[in-house]
Structures are given as C-alpha cells and as structure tokens.
Protein chains: 4
Amino acid sequence: MKVSFIGLGRMGQVMAGRLLDAGHELMVYNRSPDKAVELARRGAKVAKSLAEASHQGAPVLTMLADDRALNAVTTESGGLIDSLPRQGIHVAMGTHQMDTIQALANAHAAAGQILIAAPVLGRPAVAQAGKLGIIAAGPEQAIQTVQPLFDAIGRRTFAAGTTPSSASLLKLCNNLVLACAIEAMGEAFSLVGKAGVATSSFRDVLTDGLFQCLAYESYSRAIVEGTWDEVNLTATLALKDLRNVLAVAETLKVPLPSANVCRDRLLGAAAQGDAERDWSVMALEQARASGLDRR
Amino acid sequence: MKVSFIGLGRMGQVMAGRLLDAGHELMVYNRSPDKAVELARRGAKVAKSLAEASHQGAPVLTMLADDRALNAVTTESGGLIDSLPRQGIHVAMGTHQMDTIQALANAHAAAGQILIAAPVLGRPAVAQAGKLGIIAAGPEQAIQTVQPLFDAIGRRTFAAGTTPSSASLLKLCNNLVLACAIEAMGEAFSLVGKAGVATSSFRDVLTDGLFQCLAYESYSRAIVEGTWDEVNLTATLALKDLRNVLAVAETLKVPLPSANVCRDRLLGAAAQGDAERDWSVMALEQARASGLDRR
Amino acid sequence: MKVSFIGLGRMGQVMAGRLLDAGHELMVYNRSPDKAVELARRGAKVAKSLAEASHQGAPVLTMLADDRALNAVTTESGGLIDSLPRQGIHVAMGTHQMDTIQALANAHAAAGQILIAAPVLGRPAVAQAGKLGIIAAGPEQAIQTVQPLFDAIGRRTFAAGTTPSSASLLKLCNNLVLACAIEAMGEAFSLVGKAGVATSSFRDVLTDGLFQCLAYESYSRAIVEGTWDEVNLTATLALKDLRNVLAVAETLKVPLPSANVCRDRLLGAAAQGDAERDWSVMALEQARASGLDRR
Amino acid sequence: MKVSFIGLGRMGQVMAGRLLDAGHELMVYNRSPDKAVELARRGAKVAKSLAEASHQGAPVLTMLADDRALNAVTTESGGLIDSLPRQGIHVAMGTHQMDTIQALANAHAAAGQILIAAPVLGRPAVAQAGKLGIIAAGPEQAIQTVQPLFDAIGRRTFAAGTTPSSASLLKLCNNLVLACAIEAMGEAFSLVGKAGVATSSFRDVLTDGLFQCLAYESYSRAIVEGTWDEVNLTATLALKDLRNVLAVAETLKVPLPSANVCRDRLLGAAAQGDAERDWSVMALEQARASGLDRR
C-alpha cells in the first residue's frame, strides 16, 4: 500500500527500509535530504516538502527524535495539520510525551484528521530484524487500516486502547519497571559485594532462574562488569522519563514510591558527575552510597 | 555414593527420590516415619534415629522447614553435631537465616565437621524435573565431594564462596529482587489501570519484551487476574525475608531504599488484613493506595 | 517615604495598612477598586491604572495571589515593565515560583529596572501584628533602600542573597521542612494510636519538650483532633509546593527522599478524595495506610 | 518518703540528688560503690547489696544504662524480682526496649510486684535543673504513690497508660520525630547550599518562625556549623533506636516511610565511616549524596 515516512534517523531509516522490503509504495521525507539517498536508490520516492509527502492520501508515519521535532513537522506552515487531507492518518512512531500526543490528537481532530500513536520497543538492530514491538493507540478502524504497515515493521502490535496518549503511557511504564529492576539489582549487588561474595555468582543465580530475560541479562552484565560508558540511555534521559511518569502519576493521583527511589538514585549519580553515562550508574551510585569504592 | 537424607517434607521427598533414581545408596530419616514409606518401597534404607543416619560417614543432607527444625536436628542429643564423625559433611539445603547458618558452621567446626549451605531455587514441580538451582557455599573440597549429589538433584550449582552463610545471602537477595519486581509491577499496573488502559495489554508489553521470564510472567498474571489467594509465599513470610535482608544490610551498612518500599507495602497489605494471602497483594495494596477499588 | 502598593487581597490590605500607619506616603492600586476604599479613607491615594501607580519613581510593592496575576501586572501593556522608570524598584512580596521570579528579574533587568523578591512568612493575623518574617533577595543596595518599608510591615528581614529567586527557594524549603514534620507526626501518631496509647499524651510529650513551637503545636492539634476541614493549605496546593521543590532539586541534582515520601502521602490522600482538605490529611492517609479507621 | 535508687551513672546521681534535696529518705546502691560517696556525704544511706536496697518496702527506682544492666539487676539472684516484697513497686527510669520492659512487667507480676516504666526526657543539665519530662506508664494507683518522687525529679509527668512498655514507645516515637526533623533539615540545607544561598539565613528563617524550638535550634546549628564531633547521640545508637521503632511498627503493621529514609541515611553515613559521630551526620551524608563536598 501507499505510505509516507518522515524522519530518517537511525531507527527511521531501518523502519522505512522494511516497508520497502515488504513491497509497500514508499515516499520519504527528511530535513537533511542526504538521509534519503540510500532509500531512493532502493526505490523510494523522495518528497521535496512535508506538503508533498502528506498530500498522497496515504498514511503518514513519523519517526522523530523528540517532541520539538514532532511539533515542527505537524504544526508549522505546510506541515501535517495543514496538508494532510480530511480522514488522513498520521502514525506517530517516535517516543513522545503524553501531553504532546494529547495536544496533537486534538489538533488533528480539529482538522478532521486521525492520529495514531505507535511508539516502538527495541533498538535499530531489533528493528532491522523486524522484531520491534509496536504499542498502538488510536481509533480502532484506523489501526486496522495501517496494520499491514505495522506487520512489515514489527513483530507484534500491542493494543493500547483508543486514546493515542495511552501508548506513550505504556512505554513510560515499561521503562519504569526497567528502572526499578536496575535499582533492585544495584541494591542486591551492593549487599552481595559488601558481603565478599562474587557478584558474577549472584548474576548467574538471577539470570539462570526467575530473571532469565533481556532486562536482567543485559543490565546485570553492565553492573558486574561496570560498563557505565557503554551508553544505552543516559542518566539524564532516564531522569526525563521518570519526571514524565511522575507527572502522570500526580495527575492520576498514584503514589509511586519505587519511581521516587529510582529518581533519587539517578539524581545522586548525576550529582557525582555521571549524568551522561548509562543509566546503569544507578547501581554505581548505590555502591558508592554503600561505601563500596567503585568508579 | 552413600548419602543420608533428613527431612522428608514435600521438597525433601522429591529431592531424596532423585538421589535414588540416580543410583545413590540412600538412607533416610524423618521424625514422622510414615513420610519414609514410599522411599523405602523404592529402595531407601530407613534410619531409626538421627544418630543412625549420621554415623555412616556419608554426607548428610538436610531439607528442613525452618531454623528451629534445623537447630533441633543438629544440636539435640544424638543430633548431627553429636553423631557426625570428624570430617563428616552436613549439607543444609533448606532456606535458613544467615546467622543460624553461621552459628551452625561454627558448631560443626568445633566438632571437626564440615557444613555446606546449599539452599535451592524452585518449587516441588521443578525439583521433580531435576531443574532446581542449588546455591552452594562452603569449603571447596567438600563441595567437590558432594557435587554428584547436587548433580542428581539440580540442574546447576552456583558457587557462592567458602562461607556457608553466603548461600543464604544470595537466596535472600534473589527474593529481594523479586519483591522489587512485584512492587514495580504494582506501581505500573496502578498507573495503567487508573489511566483506563487494559492491564492485560501492559502485561503483554512487559512479558513479550524485556521481561520475558518467569518472575514477570507469573506475577503479572497474578496481578492482572487478582489471584491473591493462590498462595506461593504469604505476605507474612515475605515480610520475614525482608526483615532478614534488612538486618544483614544494617550489619553491612548498605542502604536499601527499594527494600524499604517493599516492606512498607507488605505492612500496608497486612494492615488491611491480607497477611496470609500471596505476597502479590503488594500490588493490591498499591492499587488501594492509588484509590483503585480492588479487593 | 513614597511607596506604591498593588494587590489588595486580605494580606495586601493589612500590609498596605501598616505602611500607612508607619507614616509612609502610600499610593494603592487594585483591579477591583472597592478593595481600596478603606485604605483611601485612611489617607492612601488611589491610582487609576498600573501606569499611574508605577510612575512615581517610588518603590512598587506587589502582593499578588499567584504567578498569573504577577505576570499580568508586570508584562501587560502599561504594566510595571512598561511604566516603571529606569532604576525603579519592584518588590514582589507574594509567594511565586522560582522560574517566574527568575524570568521577571530578567525582564526588569532588560528594562533597566530592579526586582527584589520578598515573600513573607505568616498569615493575615500575624501581618496585622507586624510580625511577618520577610525573606528578601535582590541587589543589596536596593534592599537597603526599601528596608524602612520592610520594617513597617514585618518583624524581621532575612537576607537570602542577591538572586531574587533564592527568596522563593527559602520559602519552599521552609514548607518542605514543615511537610516532613507533618508526615513524621503522622507516622508517630499512627504507631502510638495503634499501640493503644492516648495520642494526646504523645502530643504533650512532643510539644512540651523538643518541639515546643508553632509547627508542632498547631499540626499535632490538627492530627489529634482530626480537624481536616479547617483548611490552612489544601493538599492540592501542598502538592504544588512539593512539585516545585522537587523540580528545583532535579535541576540542582539533590535527592530528596523525605520530600518524595510527603508527595506520595499527599497523592494517596488525594486518591481517597481529600485533595481539598487541609494538608494535615497526610496524617489521616498515614492512619488509613496503617489500617486505622479514621475519616 | 522512703525511696531506694539503683544506678548512679551521670543521670542517676543527679536524679538521686534531687530526691535528697526534696527531703526524701534515700537509700542508694551502685555496683561501683565509689559512685555513692558523694550522695552518702549528703545524707543518703548506702545499701551493700541489691537485696538490702529492695527490702525496704519503699519504691525502688532504677536508672540503668541499658537492657543488660536492667536484666542483671532484676533477675539475678538477690535481684529485684527475688527481693522486692509483694506489692513492691519498681520504677524503671532508664531508656529500655519495649520487649525488655514487657518481659520485666510479666516477671514482676508473677512475683506479685508492680512495674512502672518511667523513662525521662532531657540530659544531665536538664535533670540538675529539675526540668526533666517523665513519661510514666503502669498501674494508675502505683503511679499516684510515686508521684511525689517524680515531682522531685522532673518538671512534668506524661501519662502513657497502664502498660509499662507504652512509655518506651512514646520515647521511641519522640526520637523518630526528631530523626525525621534532622533528615528534613539535611535535605533543605542541601538544596539551599547547592543553590548558593547562605545556610545561616535559612537557619534564621526556620528557627525564627515555625520551628522556634530546641530540636530545630540545636540541630540546625550543628548542621550549619558542621559540628559532627560534638556527640549527643551517635549514629550507631540512633540506628538502634530506628531498628527498634521499625520492629514495633512491623508488629503493629504500620508502614513508616520516613523512618526508613532516616535509617538509610544513617546507614549511608556509617558506610562512610561516620558511625561514631553525632547522628546529625544524617545531614552530612545528605550533602554528600547531593555532591556537596563536606567532611
């Protein structure tokens, strides 16, 4: 089917490539046109403007780095709000704030257009293998329309209801659970280490037993090996996620004591100069707070 | 090889049975002799007293329900301390407190005997399948001696160093990480539920992605389905575990903020009358604290 | 000395009245002119517009209910930024956010004007008695200039440095310490109550000993008597204060575990429908979390 | 009236001296008889044994350093349980654990004797001035009997009910509230300090306003001046108090999140080597966790 794709960063290029591979008729657009060269070589049409990309009547997928970029692409003159036809579908696949998505949903609705939020779970390598998870929220019929596109990109689509911002919430909550897992490992590894037991043994106990999954395997390795500078997510960005989840929690009146613990641990790490290292520095900061001399 | 086994509760019977199946020459002892009947039928010798069971020179494995039972079996007249020969090996496979194990190690050492602590990870069904994890701590050579017995019982042995109580610590820490995971799920599911999104969708996101492991699969199901009365571990016993891990942490000077959060959540659940339900009531209590009306 | 006063709410009227009583030459302005009638009767001039009030060259004191009102009075056409002469001094005495004050300080500086932030400690009755505390931050010389005005209004001026927003920070921090005191009392009174001891006895122990001060006397009375509906500060507004202090803490990289506890307790209270009661409902919510049946 | 006093440490000597000054007929006993010399000079009789001191039929007051000393004096051969007559009253004025007091109350009851627990609030200088607070719990009539003795020693008696251990609970709770106050100040002073504002200004704001009381005056001074080595209560002993209050809370099913925060802060301080400094090191550890470089 026809589809437009806007935002050819690392993830965007891979995702758009999978649409091409699956035989969809792809038009792409990116601020820096050089990012489109390789996809053009493989058969994609390259739009010269946002307006051209969104005037096809086809669904427009965006994969943008942040809320600012999403707002620019949608609200500026000639942007999606201006140029998408009535009943046109915009699928926002980046990771965006709930209130940004909510405001955008309202703006599209006012223009007679439809917003689906569909943030993805996984990194570029996962995307390349077609194994992304896609958390989709928006009007049911619209999701059915774009399902073939999701099938080309991801392994599985999770239905997150009809309110687009709910998709952002599930992604935030997934990250919250991960933050808590890292903090918990940090606490346990501090105890084990201070008791003089090999942390690698405890890592084996965890990951060979109840916790035989990516979250624990990758982060327990980072903690045991101290690879704080192999950055998956910086402490600064992790703090931003926690700030957002805590803001939602305040609106919904949900106390989140573990989220607070994670936030404080990340702030402590940042106070020691680790803000731009991987957020597994939560465990490093826990170790320091325990009087263990780790760097 | 020759081996004695004391303590034929549900786990003990299965573990002893696997020793038989693997061809070891098994002698068993239990306070209530009826528990030994089935194993005797399958070929085990039945000792009439602790002294008989421990005078063989063979390693003595104990699988006792609690510290009180362990202390009785070891320190009473005719118990293991009395009757085990010098250089005799006692392998304590129950889940016991660190200080109980430490005191017992000292008592055995004073009698020229050797203690290995080897608590197991897994339930009876897991034991039946030979898939227990065994966390072994004690003198290296003694562990090598009993390794064939561990191989008959479990799937994998984790080396937890030469201090027996360290094995207890690793098991406690494993439970701590699990408690934190349940609390984290409780917080996330409260947010998701209060936002009006199906909790089952969020369960799919978690367990299909980073958290595709037993801990998250089983406890997220319990939380989504509210099966608080299918008891795996009562809130009361979970509180005991946390009390123990916090006591060790105090001795070692390790702050454990997440452990505190779990403890408070369990206390809150107990204050609402849920002390004897499954410890997944942590999520129920979190839901109540969030103003969600769950039972 | 000549002085203009803008914002004649309950506090503003009392503060302006004290300036008159001390013999200062007062001009007042208020959106609703009826609020100025009594002060006019006592000798104040009444300005017809913001511009008239701020064109005197005299210091302009504002006592406005919130940031929105402050922004309106300062940035709208004819407002203080427009009409205050170069070197003119604006003393913002309301309780405002740090970033609002910082932005306003920048705007005044760009117009060659001077901002002093001087939030006050105390309620109208305290103001009437001339016993307010005034936390003043801004350029030293400007503070010296307006000191006679502070002396007419308050009992004592606290020097909070030369950055205006620091005055807001000290006020926020004072409230944080108070929130923690209320939470601490809530926890202790829950223990005492659940142990079956009269909470009034414990109140006597506290307030007759180490805690013989207004914070503990007033809030321990509220807790013992359960006067949740005598509102001094609503839980909603207390949450706003905590949100602000936590935002500053995030910027400065300061973990605040007690602030988190207070925030969660207030969220819990709000989740039970107590958002518009007095923030001493922190203790009520603590009691509920402890299984004590209080309303 | 006749009265015996056992335990002539620093506090005990002062308290016994006040009984003499008030004209009571005092008999004293101490393990090290030299501590009794000065009181003997002032008119006290000196008992040669516990039995002699407790055979008078008069109330026996004990002021002992810890639970071990209390247990020795009461349960050893010739101790109070043995030698106090039926209906004899033992007033335990030291600071003891709740379960120690409860066990002792049971033992006295079994011997037909009466226990009053009456821990005091205040240091030796306060005792000298007759300004101690006395928290008294026990049978009402017995308390009435010894009230003249309390009046000689203290300024005020707080009625803590008829269960002796409740007096210990109130004292523990008083300390909990103080711990939370110190933690709260630590957090606020970290924010203020990191924002570059003079901490002494914030101290003035606190102690001149809502917090004009001993707890805040003395500990805010310690924090601003960094007098960690002027020990009032060591971090180690403060941890013991928190352990006890948390143990009671677990029994009563009361979650205590602020107590947990204090405990973790003290553990962090101890992990950095500050266990034997004053417990105001809670604020030092908070400062370190905030990246402030304090010693």
# chains A, B, ... in the order shown; residues from 1 in each chain; ligands from 1
>>> interface_residues(of="chain C", to="chain B", cutoff="6 Å", atoms="only C-alpha atoms", output="PyMOL selection string")
chain C and resi 268+271-272+289-291
>>> write_last_selection(atoms="N, CA, C and O atoms", output="PDB file, in the first residue's frame")
ATOM      1  N   GLY C 268      -1.688   9.962  47.931  1.00  0.00           N
ATOM      2  CA  GLY C 268      -2.572   8.945  48.500  1.00  0.00           C
ATOM      3  C   GLY C 268      -3.823   9.579  49.089  1.00  0.00           C
ATOM      4  O   GLY C 268      -4.944   9.093  48.890  1.00  0.00           O
ATOM      5  N   ALA C 271      -6.024  10.641  46.342  1.00  0.00           N
ATOM      6  CA  ALA C 271      -6.679   9.488  45.716  1.00  0.00           C
ATOM      7  C   ALA C 271      -7.892   9.026  46.519  1.00  0.00           C
ATOM      8  O   ALA C 271      -8.797   8.390  45.986  1.00  0.00           O
ATOM      9  N   GLN C 272      -7.906   9.352  47.814  1.00  0.00           N
ATOM     10  CA  GLN C 272      -9.046   8.984  48.668  1.00  0.00           C
ATOM     11  C   GLN C 272     -10.066  10.111  48.758  1.00  0.00           C
ATOM     12  O   GLN C 272     -10.985  10.054  49.582  1.00  0.00           O
ATOM     13  N   ALA C 289      -3.384   4.014  55.858  1.00  0.00           N
ATOM     14  CA  ALA C 289      -2.405   3.040  55.366  1.00  0.00           C
ATOM     15  C   ALA C 289      -1.978   2.083  56.466  1.00  0.00           C
ATOM     16  O   ALA C 289      -1.472   0.995  56.202  1.00  0.00           O
ATOM     17  N   SER C 290      -2.181   2.494  57.721  1.00  0.00           N
ATOM     18  CA  SER C 290      -1.832   1.651  58.864  1.00  0.00           C
ATOM     19  C   SER C 290      -3.016   0.813  59.327  1.00  0.00           C
ATOM     20  O   SER C 290      -2.927   0.119  60.333  1.00  0.00           O
ATOM     21  N   GLY C 291      -4.117   0.913  58.595  1.00  0.00           N
ATOM     22  CA  GLY C 291      -5.284   0.113  58.959  1.00  0.00           C
ATOM     23  C   GLY C 291      -6.094   0.717  60.096  1.00  0.00           C
ATOM     24  O   GLY C 291      -6.966   0.054  60.653  1.00  0.00           O
TER      25      GLY C 291
END
>>> residues_around(residues="Leu104 of chain A", least_positions_apart="3", cutoff="9 Å", atoms="only C-alpha atoms", output="list in words")
Asn71, Thr74, Thr75, Asp99, Thr100, Ile101, Ala107, His108, Ala109 and Leu115 of chain A
>>> write_last_selection(atoms="N, CA, C and O atoms", output="PDB file, in the first residue's frame")
ATOM      1  N   ASN A  71       6.445  18.470  16.849  1.00  0.00           N
ATOM      2  CA  ASN A  71       5.618  19.675  16.769  1.00  0.00           C
ATOM      3  C   ASN A  71       5.935  20.484  15.521  1.00  0.00           C
ATOM      4  O   ASN A  71       5.034  21.028  14.876  1.00  0.00           O
ATOM      5  N   THR A  74       4.437  18.849  12.444  1.00  0.00           N
ATOM      6  CA  THR A  74       2.976  18.818  12.374  1.00  0.00           C
ATOM      7  C   THR A  74       2.359  20.209  12.307  1.00  0.00           C
ATOM      8  O   THR A  74       1.407  20.423  11.566  1.00  0.00           O
ATOM      9  N   THR A  75       2.911  21.163  13.066  1.00  0.00           N
ATOM     10  CA  THR A  75       2.176  22.435  13.201  1.00  0.00           C
ATOM     11  C   THR A  75       2.729  23.559  12.345  1.00  0.00           C
ATOM     12  O   THR A  75       2.070  24.582  12.195  1.00  0.00           O
ATOM     13  N   ASP A  99       1.394  14.489  27.008  1.00  0.00           N
ATOM     14  CA  ASP A  99       0.623  15.713  26.728  1.00  0.00           C
ATOM     15  C   ASP A  99       0.887  16.231  25.318  1.00  0.00           C
ATOM     16  O   ASP A  99       0.004  16.826  24.702  1.00  0.00           O
ATOM     17  N   THR A 100       2.068  15.972  24.804  1.00  0.00           N
ATOM     18  CA  THR A 100       2.347  16.332  23.412  1.00  0.00           C
ATOM     19  C   THR A 100       1.418  15.550  22.481  1.00  0.00           C
ATOM     20  O   THR A 100       0.824  16.113  21.555  1.00  0.00           O
ATOM     21  N   ILE A 101       1.323  14.262  22.745  1.00  0.00           N
ATOM     22  CA  ILE A 101       0.458  13.415  21.910  1.00  0.00           C
ATOM     23  C   ILE A 101      -1.003  13.828  22.064  1.00  0.00           C
ATOM     24  O   ILE A 101      -1.755  13.909  21.078  1.00  0.00           O
ATOM     25  N   ALA A 107      -5.387  18.547  17.843  1.00  0.00           N
ATOM     26  CA  ALA A 107      -5.176  19.389  16.658  1.00  0.00           C
ATOM     27  C   ALA A 107      -5.577  18.638  15.392  1.00  0.00           C
ATOM     28  O   ALA A 107      -6.232  19.188  14.498  1.00  0.00           O
ATOM     29  N   HIS A 108      -5.198  17.366  15.296  1.00  0.00           N
ATOM     30  CA  HIS A 108      -5.603  16.570  14.135  1.00  0.00           C
ATOM     31  C   HIS A 108      -7.127  16.443  14.092  1.00  0.00           C
ATOM     32  O   HIS A 108      -7.740  16.559  13.021  1.00  0.00           O
ATOM     33  N   ALA A 109      -7.717  16.190  15.234  1.00  0.00           N
ATOM     34  CA  ALA A 109      -9.179  16.030  15.271  1.00  0.00           C
ATOM     35  C   ALA A 109      -9.867  17.299  14.783  1.00  0.00           C
ATOM     36  O   ALA A 109     -10.840  17.252  14.006  1.00  0.00           O
ATOM     37  N   LEU A 115      -5.089  10.714  14.440  1.00  0.00           N
ATOM     38  CA  LEU A 115      -3.756  10.408  14.962  1.00  0.00           C
ATOM     39  C   LEU A 115      -3.741   9.031  15.605  1.00  0.00           C
ATOM     40  O   LEU A 115      -4.612   8.704  16.413  1.00  0.00           O
TER      41      LEU A 115
END
>>> atom_distance(atom1="atom CA of Asp21 of chain A", atom2="atom CA of Gln128 of chain A")
11.1 Å
>>> select_by_dssp(residues="segment 24-245 of chain D", states="strand (DSSP E)", output="number ranges by chain")
D: 25-29, 45-46, 60-62, 89-92, 114-117, 120-121, 132-136, 154-159
>>> write_last_selection(atoms="N, CA and C atoms", output="compact mmCIF listing (two decimals), in the first residue's frame")
# COMPACT_ATOMS: atom_id res chain seq x y z
N GLU D 25 13.72 10.24 102.00
CA GLU D 25 14.65 9.40 102.76
C GLU D 25 15.27 8.39 101.80
N LEU D 26 16.47 8.66 101.37
CA LEU D 26 17.04 7.96 100.22
C LEU D 26 18.05 6.88 100.62
N MET D 27 17.86 5.69 100.01
CA MET D 27 18.89 4.66 100.09
C MET D 27 19.38 4.42 98.67
N VAL D 28 20.70 4.32 98.50
CA VAL D 28 21.24 4.14 97.15
C VAL D 28 22.05 2.86 97.07
N TYR D 29 22.15 2.36 95.83
CA TYR D 29 23.01 1.21 95.58
C TYR D 29 23.62 1.35 94.19
N LYS D 45 21.61 6.86 102.67
CA LYS D 45 22.14 5.59 103.16
C LYS D 45 22.67 4.82 101.97
N VAL D 46 23.70 4.00 102.19
CA VAL D 46 24.23 3.21 101.09
C VAL D 46 23.99 1.74 101.37
N VAL D 60 11.47 1.28 94.53
CA VAL D 60 12.86 1.22 94.06
C VAL D 60 12.92 1.82 92.66
N LEU D 61 13.70 2.87 92.54
CA LEU D 61 13.90 3.49 91.23
C LEU D 61 15.20 2.98 90.64
N THR D 62 15.18 2.58 89.38
CA THR D 62 16.43 2.19 88.72
C THR D 62 16.68 3.12 87.54
N ILE D 89 7.01 -1.74 94.50
CA ILE D 89 6.99 -1.02 93.21
C ILE D 89 8.41 -0.81 92.70
N HIS D 90 8.63 -1.20 91.46
CA HIS D 90 9.89 -0.92 90.79
C HIS D 90 9.61 0.09 89.69
N VAL D 91 10.32 1.21 89.74
CA VAL D 91 10.16 2.25 88.71
C VAL D 91 11.42 2.26 87.85
N ALA D 92 11.29 1.77 86.61
CA ALA D 92 12.45 1.71 85.72
C ALA D 92 12.51 3.00 84.92
N ILE D 114 4.99 -4.81 91.23
CA ILE D 114 4.45 -3.84 90.26
C ILE D 114 5.60 -3.15 89.54
N LEU D 115 5.49 -3.07 88.22
CA LEU D 115 6.48 -2.32 87.45
C LEU D 115 5.84 -1.06 86.88
N ILE D 116 6.53 0.05 87.08
CA ILE D 116 6.22 1.29 86.36
C ILE D 116 7.42 1.58 85.46
N ALA D 117 7.16 1.84 84.19
CA ALA D 117 8.25 2.32 83.33
C ALA D 117 8.13 3.83 83.27
N VAL D 120 12.92 9.11 81.03
CA VAL D 120 12.94 10.58 81.15
C VAL D 120 13.39 11.23 79.86
N LEU D 121 12.97 12.47 79.69
CA LEU D 121 13.38 13.29 78.54
C LEU D 121 14.28 14.40 79.05
N LEU D 132 13.38 17.70 83.88
CA LEU D 132 13.15 16.51 83.06
C LEU D 132 11.65 16.34 82.80
N GLY D 133 11.34 15.78 81.64
CA GLY D 133 9.99 15.25 81.43
C GLY D 133 10.03 13.78 81.80
N ILE D 134 8.97 13.29 82.37
CA ILE D 134 8.92 11.87 82.77
C ILE D 134 7.71 11.24 82.11
N ILE D 135 7.96 10.21 81.32
CA ILE D 135 6.87 9.50 80.64
C ILE D 135 6.56 8.27 81.47
N ALA D 136 5.41 8.27 82.14
CA ALA D 136 5.14 7.20 83.09
C ALA D 136 4.01 6.29 82.62
N GLY D 154 11.38 15.69 88.21
CA GLY D 154 11.06 16.26 86.91
C GLY D 154 10.13 17.44 86.99
N ARG D 155 9.89 17.98 85.84
CA ARG D 155 9.05 19.15 85.70
C ARG D 155 7.61 18.76 85.43
N ARG D 156 7.47 17.62 84.73
CA ARG D 156 6.13 17.22 84.30
C ARG D 156 6.11 15.72 84.06
N THR D 157 4.99 15.11 84.40
CA THR D 157 4.83 13.69 84.15
C THR D 157 3.78 13.49 83.06
N PHE D 158 4.14 12.72 82.06
CA PHE D 158 3.20 12.43 80.98
C PHE D 158 2.61 11.05 81.20
N ALA D 159 1.29 10.98 81.20
CA ALA D 159 0.63 9.70 81.45
C ALA D 159 0.57 8.89 80.16
>>> atom_distance(atom1="atom CA of Ala118 of chain B", atom2="atom CA of Cys213 of chain A")
24.7 Å
>>> atom_distance(atom1="atom CA of Gly23 of chain A", atom2="atom CA of Gly130 of chain A")
14.5 Å
>>> residues_around(residues="Tyr219 of chain A", least_positions_apart="2", cutoff="10 Å", atoms="only C-alpha atoms", output="list in words")
Leu178, Ala181, Ile182, Met185, Gly186, Arg203, Leu214, Ala215, Tyr216, Glu217, Arg221, Ala222, Ile223, Val224, Glu225, Gly226, Thr227, Trp279, Ser280 and Ala283 of chain A
>>> residues_around(residues="Ala111 of chain B", least_positions_apart="4", cutoff="10 Å", atoms="only C-alpha atoms", output="list in words")
Ile81, Asp82, Ser83, Leu84, Pro85, Arg86, Gln87, Gly88, Ala105, Asn106 and Ala107 of chain B
>>> select_by_dssp(residues="segment 7-148 of chain D", states="alpha helix (DSSP H)", output="PyMOL selection string")
chain D and resi 10-21+37-41+50-54+67-75+80-83+98-110+124-128+140-148
>>> closest_residue(among="A:Asp67, A:Val146, A:Gly17, A:Phe189", to="Val37 of chain A", atoms="only C-alpha atoms")
A:Gly17
>>> decode(residues="segment 96-108 of chain D", atoms="N, CA and C atoms", output="PDB file, in the first residue's frame")
ATOM      1  N   HIS D  96      14.622   1.847  77.888  1.00  0.00           N
ATOM      2  CA  HIS D  96      14.740   0.424  77.596  1.00  0.00           C
ATOM      3  C   HIS D  96      13.830   0.009  76.452  1.00  0.00           C
ATOM      4  N   GLN D  97      14.151  -1.123  75.890  1.00  0.00           N
ATOM      5  CA  GLN D  97      13.334  -1.669  74.803  1.00  0.00           C
ATOM      6  C   GLN D  97      11.947  -2.047  75.291  1.00  0.00           C
ATOM      7  N   MET D  98      11.009  -1.971  74.376  1.00  0.00           N
ATOM      8  CA  MET D  98       9.644  -2.333  74.722  1.00  0.00           C
ATOM      9  C   MET D  98       9.531  -3.782  75.164  1.00  0.00           C
ATOM     10  N   ASP D  99      10.231  -4.684  74.478  1.00  0.00           N
ATOM     11  CA  ASP D  99      10.039  -6.088  74.854  1.00  0.00           C
ATOM     12  C   ASP D  99      10.756  -6.415  76.162  1.00  0.00           C
ATOM     13  N   THR D 100      11.849  -5.721  76.426  1.00  0.00           N
ATOM     14  CA  THR D 100      12.512  -5.886  77.717  1.00  0.00           C
ATOM     15  C   THR D 100      11.566  -5.473  78.849  1.00  0.00           C
ATOM     16  N   ILE D 101      10.948  -4.331  78.674  1.00  0.00           N
ATOM     17  CA  ILE D 101      10.017  -3.823  79.692  1.00  0.00           C
ATOM     18  C   ILE D 101       8.823  -4.763  79.827  1.00  0.00           C
ATOM     19  N   GLN D 102       8.322  -5.240  78.688  1.00  0.00           N
ATOM     20  CA  GLN D 102       7.157  -6.117  78.745  1.00  0.00           C
ATOM     21  C   GLN D 102       7.496  -7.405  79.504  1.00  0.00           C
ATOM     22  N   ALA D 103       8.678  -7.965  79.195  1.00  0.00           N
ATOM     23  CA  ALA D 103       9.092  -9.195  79.873  1.00  0.00           C
ATOM     24  C   ALA D 103       9.273  -8.948  81.368  1.00  0.00           C
ATOM     25  N   LEU D 104       9.841  -7.810  81.692  1.00  0.00           N
ATOM     26  CA  LEU D 104      10.069  -7.487  83.095  1.00  0.00           C
ATOM     27  C   LEU D 104       8.741  -7.278  83.824  1.00  0.00           C
ATOM     28  N   ALA D 105       7.802  -6.624  83.155  1.00  0.00           N
ATOM     29  CA  ALA D 105       6.482  -6.425  83.756  1.00  0.00           C
ATOM     30  C   ALA D 105       5.849  -7.773  84.080  1.00  0.00           C
ATOM     31  N   ASN D 106       5.993  -8.714  83.159  1.00  0.00           N
ATOM     32  CA  ASN D 106       5.453 -10.058  83.396  1.00  0.00           C
ATOM     33  C   ASN D 106       6.131 -10.724  84.586  1.00  0.00           C
ATOM     34  N   ALA D 107       7.443 -10.591  84.659  1.00  0.00           N
ATOM     35  CA  ALA D 107       8.186 -11.234  85.741  1.00  0.00           C
ATOM     36  C   ALA D 107       7.790 -10.636  87.093  1.00  0.00           C
ATOM     37  N   HIS D 108       7.701  -9.297  87.134  1.00  0.00           N
ATOM     38  CA  HIS D 108       7.261  -8.668  88.387  1.00  0.00           C
ATOM     39  C   HIS D 108       5.848  -9.122  88.756  1.00  0.00           C
TER      40      HIS D 108
END
